[in-house]
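Visitor: What follows is model39.cif, mmCIF, C-alpha atoms and all ligand atoms.
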data_coords
#
loop_
_atom_site.label_atom_id
_atom_site.label_comp_id
_atom_site.auth_asym_id
_atom_site.auth_seq_id
_atom_site.Cartn_x
_atom_site.Cartn_y
_atom_site.Cartn_z
CA MET F 1 36.05 121.99 16.80
CA ARG F 2 38.01 123.89 19.43
CA ILE F 3 39.22 122.02 22.53
CA ASP F 4 40.96 123.71 25.48
CA ILE F 5 42.45 121.65 28.29
CA VAL F 6 43.40 123.13 31.67
CA THR F 7 45.88 121.04 33.66
CA ILE F 8 49.01 121.33 35.78
CA PHE F 9 50.70 119.01 33.24
CA PRO F 10 50.17 120.62 29.80
CA THR F 11 53.00 118.59 28.19
CA PHE F 12 50.98 115.45 28.97
CA PHE F 13 48.88 116.34 25.92
CA ASP F 14 51.83 116.54 23.50
CA VAL F 15 50.86 113.06 22.29
CA LEU F 16 47.77 114.58 20.70
CA GLY F 17 50.20 115.68 17.97
CA LEU F 18 50.37 112.03 16.80
CA SER F 19 48.22 109.88 14.52
CA LEU F 20 44.77 110.86 13.24
CA ILE F 21 44.15 113.52 15.91
CA GLY F 22 47.55 115.08 15.09
CA LYS F 23 46.71 115.14 11.36
CA ALA F 24 43.31 116.69 12.09
CA ARG F 25 45.07 119.42 14.07
CA GLU F 26 47.46 120.09 11.20
CA SER F 27 44.59 120.35 8.73
CA GLY F 28 42.67 122.67 11.07
CA VAL F 29 39.68 120.34 11.68
CA LEU F 30 40.61 120.21 15.39
CA ASP F 31 42.12 123.13 17.29
CA ILE F 32 43.42 121.66 20.58
CA ARG F 33 45.29 123.75 23.17
CA ALA F 34 46.60 122.76 26.61
CA HIS F 35 46.91 125.47 29.27
CA ASP F 36 48.94 125.44 32.50
CA LEU F 37 46.71 126.08 35.52
CA ARG F 38 49.75 127.50 37.35
CA ASP F 39 49.83 130.40 34.87
CA PHE F 40 46.68 131.62 36.65
CA THR F 41 48.25 131.78 40.12
CA HIS F 42 49.85 134.92 41.59
CA ASP F 43 52.09 133.68 44.41
CA ARG F 44 55.77 132.82 44.23
CA HIS F 45 55.11 129.09 44.59
CA ARG F 46 52.35 129.03 41.97
CA THR F 47 50.11 127.26 44.47
CA VAL F 48 47.09 125.37 43.14
CA ASP F 49 46.05 123.30 46.19
CA ASP F 50 45.29 123.60 49.89
CA THR F 51 44.08 121.46 52.81
CA PRO F 52 40.42 120.36 52.84
CA TYR F 53 37.84 122.12 55.03
CA GLY F 54 36.50 119.56 57.49
CA GLY F 55 39.81 117.70 57.55
CA GLY F 56 40.84 114.50 55.85
CA ALA F 57 43.73 113.19 53.82
CA GLY F 58 45.02 114.83 50.66
CA MET F 59 44.73 118.28 49.16
CA VAL F 60 41.97 120.09 47.27
CA MET F 61 42.50 122.33 44.25
CA LYS F 62 41.88 125.98 45.08
CA PRO F 63 39.00 127.73 43.31
CA GLU F 64 40.76 131.01 42.40
CA PRO F 65 43.22 129.71 39.72
CA TRP F 66 40.41 127.62 38.21
CA GLY F 67 38.11 130.65 38.12
CA GLU F 68 40.71 132.78 36.34
CA ALA F 69 41.64 130.02 33.89
CA LEU F 70 38.06 129.11 33.03
CA ASP F 71 36.87 132.73 32.79
CA SER F 72 39.50 133.21 30.08
CA LEU F 73 38.23 130.21 28.09
CA VAL F 74 34.54 129.55 28.71
CA GLY F 75 32.08 131.29 26.36
CA ASP F 76 28.40 130.98 25.47
CA GLU F 77 28.97 127.96 23.21
CA THR F 78 31.25 126.05 25.60
CA VAL F 79 30.61 122.70 27.23
CA LEU F 80 32.84 122.51 30.29
CA ILE F 81 33.93 118.94 31.06
CA VAL F 82 35.30 118.14 34.50
CA THR F 83 36.88 114.69 34.63
CA SER F 84 36.25 112.92 37.92
CA PRO F 85 35.71 109.38 39.24
CA ALA F 86 32.54 110.87 40.79
CA GLY F 87 31.16 111.85 37.35
CA GLU F 88 28.52 110.20 35.16
CA PRO F 89 29.92 107.30 33.11
CA PHE F 90 31.32 108.47 29.76
CA THR F 91 29.79 106.45 26.90
CA GLN F 92 29.74 106.36 23.11
CA THR F 93 26.36 108.15 23.27
CA ILE F 94 27.96 111.05 25.16
CA ALA F 95 30.89 111.00 22.71
CA ARG F 96 28.41 111.46 19.85
CA GLU F 97 26.67 114.32 21.66
CA LEU F 98 29.96 116.10 22.35
CA ALA F 99 31.16 115.61 18.74
CA ASN F 100 28.33 117.98 17.68
CA GLU F 101 29.63 120.82 19.87
CA SER F 102 31.88 123.63 18.65
CA HIS F 103 33.87 124.20 21.87
CA LEU F 104 34.89 121.87 24.71
CA VAL F 105 36.91 122.96 27.74
CA PHE F 106 38.39 120.23 29.95
CA ALA F 107 39.24 120.83 33.60
CA CYS F 108 41.67 118.15 34.81
CA GLY F 109 41.70 117.83 38.58
CA ARG F 110 44.54 116.38 40.66
CA TYR F 111 44.82 115.46 44.34
CA GLU F 112 41.39 115.00 45.96
CA GLY F 113 39.71 117.04 43.24
CA ILE F 114 38.66 120.64 42.60
CA ASP F 115 36.78 122.82 45.12
CA GLN F 116 33.10 122.00 44.43
CA ARG F 117 32.20 125.68 44.05
CA VAL F 118 34.04 125.77 40.71
CA VAL F 119 31.62 123.22 39.21
CA ASP F 120 28.62 124.90 40.89
CA HIS F 121 29.63 128.36 39.64
CA TYR F 122 29.99 127.36 35.98
CA ALA F 123 26.91 125.10 36.11
CA GLU F 124 24.86 128.20 37.07
CA ARG F 125 26.17 130.05 34.04
CA GLY F 126 26.44 127.41 31.34
CA ARG F 127 26.76 123.74 30.45
CA VAL F 128 28.97 121.57 32.67
CA ARG F 129 29.43 117.79 32.54
CA LEU F 130 31.21 115.81 35.24
CA LEU F 131 32.47 112.69 33.45
CA SER F 132 34.12 109.47 34.66
CA ILE F 133 35.86 107.05 32.27
CA GLY F 134 35.34 104.06 34.56
CA ASP F 135 34.97 102.72 38.05
CA TYR F 136 38.61 103.04 39.07
CA VAL F 137 40.71 105.90 40.37
CA LEU F 138 43.45 107.59 38.37
CA ASN F 139 46.00 110.00 39.83
CA GLY F 140 44.37 112.88 37.99
CA GLY F 141 41.94 113.79 35.25
CA GLU F 142 44.51 113.99 32.43
CA VAL F 143 44.29 110.39 31.19
CA ALA F 144 40.49 110.63 31.35
CA ALA F 145 40.49 113.89 29.35
CA MET F 146 42.81 112.30 26.79
CA ALA F 147 40.46 109.31 26.39
CA ILE F 148 37.45 111.60 25.95
CA VAL F 149 39.28 113.89 23.47
CA GLU F 150 40.20 110.85 21.36
CA ALA F 151 36.73 109.25 21.49
CA VAL F 152 35.03 112.57 20.63
CA GLY F 153 37.66 113.84 18.19
CA ARG F 154 37.47 110.78 15.92
CA LEU F 155 33.71 111.35 15.49
CA VAL F 156 34.23 114.90 14.20
CA PRO F 157 33.76 114.82 10.39
CA GLY F 158 37.11 114.85 8.60
CA VAL F 159 39.16 113.28 11.42
CA VAL F 160 38.80 109.61 10.43
CA GLY F 161 39.48 109.27 6.67
CA ASN F 162 36.86 106.61 5.96
CA PRO F 163 33.65 107.42 7.91
CA ALA F 164 32.30 103.93 7.08
CA SER F 165 34.84 102.52 9.55
CA LEU F 166 33.02 104.35 12.37
CA VAL F 167 29.74 102.55 11.73
CA GLU F 168 30.51 98.89 12.48
CA GLU F 169 32.31 99.46 15.77
CA SER F 170 31.72 98.28 19.31
CA HIS F 171 28.97 100.29 21.04
CA GLU F 172 27.71 101.98 17.86
CA ASP F 173 24.69 99.64 17.70
CA GLY F 174 24.59 98.78 21.41
CA LEU F 175 26.59 95.57 20.86
CA LEU F 176 30.29 94.72 20.98
CA GLU F 177 31.90 94.39 17.54
CA TYR F 178 32.39 91.06 15.77
CA PRO F 179 35.88 89.46 15.52
CA SER F 180 37.97 90.41 12.49
CA TYR F 181 40.45 88.38 10.42
CA THR F 182 42.91 89.11 7.61
CA LYS F 183 45.38 87.13 5.49
CA PRO F 184 46.83 84.50 5.75
CA SER F 185 43.79 82.19 5.96
CA GLU F 186 45.79 79.83 8.22
CA TRP F 187 48.18 81.01 10.94
CA ARG F 188 49.83 78.71 13.54
CA GLY F 189 47.24 76.05 12.79
CA LEU F 190 44.35 78.45 13.33
CA THR F 191 41.98 78.99 10.42
CA VAL F 192 39.63 81.81 9.51
CA PRO F 193 35.90 80.96 9.94
CA PRO F 194 34.94 79.48 6.50
CA VAL F 195 31.86 81.69 6.15
CA LEU F 196 34.16 84.73 5.73
CA LEU F 197 35.74 83.07 2.66
CA SER F 198 32.35 82.14 1.15
CA GLY F 199 31.74 85.39 -0.73
CA ASN F 200 28.09 85.23 0.44
CA HIS F 201 27.53 88.71 1.88
CA GLY F 202 24.12 87.90 3.40
CA LEU F 203 25.55 84.92 5.24
CA ILE F 204 28.57 86.95 6.38
CA ALA F 205 26.38 89.75 7.74
CA SER F 206 24.22 87.32 9.67
CA TRP F 207 27.29 85.43 11.06
CA ARG F 208 28.81 88.72 12.19
CA HIS F 209 25.60 89.76 13.93
CA ASP F 210 25.40 86.39 15.72
CA GLN F 211 29.01 86.86 16.85
CA GLN F 212 28.19 90.33 18.19
CA VAL F 213 25.25 89.01 20.22
CA GLU F 214 27.21 86.00 21.52
CA ARG F 215 30.20 88.15 22.52
CA THR F 216 28.03 90.77 24.19
CA ARG F 217 26.06 88.11 26.12
CA ARG F 218 29.34 86.52 27.28
CA VAL F 219 31.34 89.59 28.39
CA ARG F 220 28.84 92.45 28.69
CA PRO F 221 25.36 91.05 29.46
CA ASP F 222 24.53 94.41 31.06
CA LEU F 223 24.39 95.94 27.53
CA LEU F 224 21.57 93.62 26.39
CA PRO F 225 17.88 94.43 26.98
CA ASP F 226 16.23 92.24 29.66
N1 LIG B 1 40.12 111.20 37.70
C1 LIG B 1 40.55 110.20 38.50
N2 LIG B 1 39.97 109.04 38.18
C2 LIG B 1 39.11 109.30 37.15
C3 LIG B 1 38.22 108.51 36.39
N3 LIG B 1 38.03 107.22 36.61
N4 LIG B 1 37.50 109.12 35.43
C4 LIG B 1 37.63 110.45 35.20
N5 LIG B 1 38.48 111.24 35.89
C5 LIG B 1 39.22 110.68 36.85
#
Write out the structure in this file as structure tokens.

Guide:
Amino acid sequence: MRIDIVTIFPTFFDVLGLSLIGKARESGVLDIRAHDLRDFTHDRHRTVDDTPYGGGAGMVMKPEPWGEALDSLVGDETVLIVTSPAGEPFTQTIARELANESHLVFACGRYEGIDQRVVDHYAERGRVRLLSIGDYVLNGGEVAAMAIVEAVGRLVPGVVGNPASLVEESHEDGLLEYPSYTKPSEWRGLTVPPVLLSGNHGLIASWRHDQQVERTRRVRPDLLPD
């Protein structure tokens, strides 16, 4: 999968050289490139923002640098992802959908966001998704893009060594995951639930499912059907 990220802070994405995503880049499974939006400006100050029409606080990102940057990257196969607190909530379902794509381009906004015509223009020509990673406001779209790249990237075949570990995770079956334990069986007076030491795989599976339901009901009742 090819992933291009347009941002005014390309070095922000250097951390994608680490861990499993970094290994997948080395092996060629993921081709991730960060691009500096300011390289698509033509004035001495490399200006990317201006005051908002209609007034108000803050600055808005100008459409021209975005148009030049995205024209150089967006093709017929591309899904353009614009990270924004005004986007649809990013979920594991969307991560799975995006993991099937061959090319993602991320547009990371700063300030009060990107001139709306940029989204409208590319939505007329191709596939655009405005995505939010949660109901809070970040200083820019970079952290959101990073979260989405990691959530999507790890679902691309060959990125996570043991694909079985992707199956029993939170959100994969609509429930939160069950609690996990490892050795020693007693730590600071706390013991591991005896069922996990029983060797009875049927009993263990049913205990884990009960834990998933109980945990989900307690912290995320919104995930359960009515
Ligand atoms: N940019 C600023 N806040 C954001 C959020 N919550 N999700 C996605 N992009 C953002």

Visitor: For ligand LIG 1 (chain B), which residue among F:Pro225, F:Gly126, F:Pro157, F:Gly140 is the nearest when counting all atoms listed in the file?

Guide: F:Gly140

Visitor: How would you write, as number ranges by chain, the set of residues no farther than 9 Å from ligand LIG 1 (chain B) when counting all atoms listed in the file?

Guide: F: 82-87, 89-90, 108-113, 130-145

Visitor: Which residue, F:Val160, F:Thr182, F:Glu169, F:Asp71, has the smallest gap to His121 in chain F when you use only C-alpha atoms?

Guide: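 Closest residue, counting only C-alpha atoms: F:Asp71.
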
Visitor: Please determine, counting only C-alpha atoms, which residue among F:His42, F:His201, F:Arg154, F:Arg220 has the shortest atom-to-atom distance to Ile21 in chain F.

Guide: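 Of the candidates, the smallest distance to Ile21 in chain F is held by F:Arg154.
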
Visitor: Counting all atoms listed in the file, figure out which residue out of F:Asp226, F:Glu97, F:Glu124, F:Asp210 gets nearest to Pro179 in chain F.

Guide: F:Asp210

Visitor: So that I can check the surroundings of Val195 in chain F, please list as a ChimeraX atom specification every protein, DNA and RNA residue that reaches within 10 Å of it, counting all atoms listed in the file and ignoring chain neighbours fewer than 3 positions away.

Guide: /F:192,198-201,203-205,207-208

Visitor: List as a list in words the protein and nucleic acid residues near Tyr122 in chain F, meaning an atom at most 10 Å away when all atoms listed in the file are counted, but skip any in the same chain fewer than 6 places from it.

Guide: Gly67, Leu70, Asp71, Val74, Val79, Leu80 and Val128 of chain F

Visitor: For Tyr181 in chain F, which of F:Pro10, F:Gly161, F:Gly58, F:Pro193 is the closest residue, counting only C-alpha atoms?

Guide: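 Answer, going by the shortest atom-to-atom distance: F:Pro193.
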
Visitor: Given only C-alpha atoms as the basis, pick out the residue of F:Pro221, F:Phe13, F:Leu18, F:Ala95 nearest to Gly153 in chain F.

Guide: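 Looking only at the distances to Gly153 in chain F, the closest residue turns out to be F:Ala95.
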
Visitor: Which centre and edge lengths in Å to one decimal define the box along x, y and z that fits every listed atom of range 45-64 of chain F plus 5 Å per side, as AutoDock Vina command-line options?

Guide:
--center_x 45.8 --center_y 122.1 --center_z 49.8 --size_x 28.6 --size_y 27.8 --size_z 25.6

Visitor: Distance CA of Gln92 in chain F-CA of Met146 in chain F, one decimal place?

Guide: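 Computed distance, CA of Gln92 in chain F to CA of Met146 in chain F, equals 14.8 Å.
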
Visitor: Which residues are near Val105 in chain F? Cut-off 7 Å, all atoms listed in the file, ignore same chain within fewer than 2 positions. Put them as number ranges by chain.

Guide: F: 3-5, 78-81, 103, 107

Visitor: Write only C-alpha atoms for range 3-129 of chain F from the block just shown, as an mmCIF file, in the first residue's frame.

Guide:
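The new file decode-v5.cif reads:
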data_model
loop_
_atom_site.group_PDB
_atom_site.id
_atom_site.type_symbol
_atom_site.label_atom_id
_atom_site.label_comp_id
_atom_site.auth_asym_id
_atom_site.auth_seq_id
_atom_site.Cartn_x
_atom_site.Cartn_y
_atom_site.Cartn_z
ATOM 1 C CA ILE F 3 0.489 6.309 1.688
ATOM 2 C CA ASP F 4 1.286 9.985 1.039
ATOM 3 C CA ILE F 5 0.926 12.566 3.795
ATOM 4 C CA VAL F 6 0.806 16.309 3.119
ATOM 5 C CA THR F 7 1.624 18.481 6.129
ATOM 6 C CA ILE F 8 3.601 21.551 7.162
ATOM 7 C CA PHE F 9 5.485 19.273 9.602
ATOM 8 C CA PRO F 10 6.823 16.340 7.526
ATOM 9 C CA THR F 11 9.405 15.375 10.185
ATOM 10 C CA PHE F 12 6.487 14.644 12.530
ATOM 11 C CA PHE F 13 6.104 11.369 10.641
ATOM 12 C CA ASP F 14 9.706 10.224 11.162
ATOM 13 C CA VAL F 15 8.415 7.972 13.952
ATOM 14 C CA LEU F 16 6.743 5.821 11.307
ATOM 15 C CA GLY F 17 10.266 4.432 10.783
ATOM 16 C CA LEU F 18 9.908 2.563 14.116
ATOM 17 C CA SER F 19 8.364 -0.752 15.141
ATOM 18 C CA LEU F 20 6.109 -2.861 12.922
ATOM 19 C CA ILE F 21 5.205 -0.027 10.532
ATOM 20 C CA GLY F 22 8.930 0.760 10.121
ATOM 21 C CA LYS F 23 9.693 -2.902 9.356
ATOM 22 C CA ALA F 24 6.838 -3.034 6.848
ATOM 23 C CA ARG F 25 8.315 0.011 5.115
ATOM 24 C CA GLU F 26 11.734 -1.623 4.956
ATOM 25 C CA SER F 27 10.274 -4.791 3.469
ATOM 26 C CA GLY F 28 8.277 -2.778 0.920
ATOM 27 C CA VAL F 29 4.790 -3.794 2.171
ATOM 28 C CA LEU F 30 4.086 -0.140 3.033
ATOM 29 C CA ASP F 31 5.425 2.802 1.029
ATOM 30 C CA ILE F 32 4.863 5.891 3.221
ATOM 31 C CA ARG F 33 6.022 9.379 2.196
ATOM 32 C CA ALA F 34 5.528 12.719 3.953
ATOM 33 C CA HIS F 35 5.464 15.892 1.832
ATOM 34 C CA ASP F 36 5.945 19.508 2.919
ATOM 35 C CA LEU F 37 2.946 21.644 1.910
ATOM 36 C CA ARG F 38 5.260 24.687 1.819
ATOM 37 C CA ASP F 39 7.099 23.147 -1.152
ATOM 38 C CA PHE F 40 3.943 23.960 -3.143
ATOM 39 C CA THR F 41 3.982 27.698 -2.364
ATOM 40 C CA HIS F 42 5.634 30.324 -4.593
ATOM 41 C CA ASP F 43 6.132 33.359 -2.352
ATOM 42 C CA ARG F 44 9.203 34.260 -0.331
ATOM 43 C CA HIS F 45 7.496 33.481 2.977
ATOM 44 C CA ARG F 46 6.100 30.134 1.796
ATOM 45 C CA THR F 47 2.667 31.230 2.987
ATOM 46 C CA VAL F 48 0.048 28.537 3.588
ATOM 47 C CA ASP F 49 -2.637 30.462 5.521
ATOM 48 C CA ASP F 50 -4.700 33.636 5.412
ATOM 49 C CA THR F 51 -7.501 35.370 7.343
ATOM 50 C CA PRO F 52 -11.013 33.892 7.149
ATOM 51 C CA TYR F 53 -13.684 35.413 4.890
ATOM 52 C CA GLY F 54 -16.521 36.589 7.113
ATOM 53 C CA GLY F 55 -14.140 37.340 9.972
ATOM 54 C CA GLY F 56 -13.403 35.386 13.112
ATOM 55 C CA ALA F 57 -10.411 34.221 15.068
ATOM 56 C CA GLY F 58 -7.584 32.178 13.611
ATOM 57 C CA MET F 59 -6.319 31.530 10.111
ATOM 58 C CA VAL F 60 -7.502 29.294 7.278
ATOM 59 C CA MET F 61 -5.229 27.260 5.016
ATOM 60 C CA LYS F 62 -5.132 28.657 1.490
ATOM 61 C CA PRO F 63 -6.492 26.469 -1.318
ATOM 62 C CA GLU F 64 -3.707 27.025 -3.897
ATOM 63 C CA PRO F 65 -0.828 25.124 -2.163
ATOM 64 C CA TRP F 66 -3.244 22.294 -1.330
ATOM 65 C CA GLY F 67 -4.411 22.133 -4.948
ATOM 66 C CA GLU F 68 -0.858 21.907 -6.271
ATOM 67 C CA ALA F 69 0.206 19.348 -3.660
ATOM 68 C CA LEU F 70 -2.835 17.129 -4.108
ATOM 69 C CA ASP F 71 -2.822 17.357 -7.925
ATOM 70 C CA SER F 72 0.699 15.904 -7.801
ATOM 71 C CA LEU F 73 -0.415 12.952 -5.651
ATOM 72 C CA VAL F 74 -4.084 12.094 -6.203
ATOM 73 C CA GLY F 75 -4.832 9.525 -8.926
ATOM 74 C CA ASP F 76 -7.789 7.375 -9.985
ATOM 75 C CA GLU F 77 -7.189 4.806 -7.225
ATOM 76 C CA THR F 78 -6.652 7.310 -4.404
ATOM 77 C CA VAL F 79 -8.761 7.781 -1.292
ATOM 78 C CA LEU F 80 -8.072 11.295 -0.016
ATOM 79 C CA ILE F 81 -8.378 11.522 3.773
ATOM 80 C CA VAL F 82 -8.766 14.930 5.382
ATOM 81 C CA THR F 83 -8.342 14.777 9.157
ATOM 82 C CA SER F 84 -10.686 17.142 10.975
ATOM 83 C CA PRO F 85 -12.626 17.316 14.254
ATOM 84 C CA ALA F 86 -15.637 17.987 11.977
ATOM 85 C CA GLY F 87 -15.210 14.624 10.202
ATOM 86 C CA GLU F 88 -17.083 11.338 10.602
ATOM 87 C CA PRO F 89 -15.809 9.265 13.549
ATOM 88 C CA PHE F 90 -12.930 6.979 12.538
ATOM 89 C CA THR F 91 -13.674 3.377 13.585
ATOM 90 C CA GLN F 92 -12.221 -0.112 13.207
ATOM 91 C CA THR F 93 -14.776 -0.699 10.417
ATOM 92 C CA ILE F 94 -13.354 2.254 8.468
ATOM 93 C CA ALA F 95 -9.813 1.020 9.214
ATOM 94 C CA ARG F 96 -10.727 -2.332 7.624
ATOM 95 C CA GLU F 97 -12.212 -0.602 4.573
ATOM 96 C CA LEU F 98 -9.127 1.568 4.094
ATOM 97 C CA ALA F 99 -6.770 -1.415 4.535
ATOM 98 C CA ASN F 100 -8.193 -2.791 1.253
ATOM 99 C CA GLU F 101 -7.175 0.314 -0.712
ATOM 100 C CA SER F 102 -3.965 0.641 -2.723
ATOM 101 C CA HIS F 103 -3.357 4.383 -2.217
ATOM 102 C CA LEU F 104 -4.219 6.767 0.630
ATOM 103 C CA VAL F 105 -3.365 10.475 0.643
ATOM 104 C CA PHE F 106 -3.677 12.344 3.949
ATOM 105 C CA ALA F 107 -4.230 16.100 4.096
ATOM 106 C CA CYS F 108 -3.293 17.405 7.552
ATOM 107 C CA GLY F 109 -4.862 20.769 8.302
ATOM 108 C CA ARG F 110 -3.586 23.287 10.842
ATOM 109 C CA TYR F 111 -5.058 26.509 12.228
ATOM 110 C CA GLU F 112 -8.842 26.699 11.691
ATOM 111 C CA GLY F 113 -8.683 24.128 8.904
ATOM 112 C CA ILE F 114 -8.387 24.045 5.112
ATOM 113 C CA ASP F 115 -10.466 26.202 2.735
ATOM 114 C CA GLN F 116 -13.638 24.113 2.186
ATOM 115 C CA ARG F 117 -13.290 24.326 -1.602
ATOM 116 C CA VAL F 118 -10.325 21.944 -1.458
ATOM 117 C CA VAL F 119 -12.523 19.151 -0.061
ATOM 118 C CA ASP F 120 -15.378 20.046 -2.441
ATOM 119 C CA HIS F 121 -13.071 20.065 -5.482
ATOM 120 C CA TYR F 122 -11.561 16.624 -4.848
ATOM 121 C CA ALA F 123 -14.914 15.157 -3.757
ATOM 122 C CA GLU F 124 -16.269 16.054 -7.233
ATOM 123 C CA ARG F 125 -13.415 14.186 -8.872
ATOM 124 C CA GLY F 126 -12.806 11.206 -6.623
ATOM 125 C CA ARG F 127 -13.144 9.643 -3.184
ATOM 126 C CA VAL F 128 -12.667 11.903 -0.159
ATOM 127 C CA ARG F 129 -13.225 11.052 3.509
#
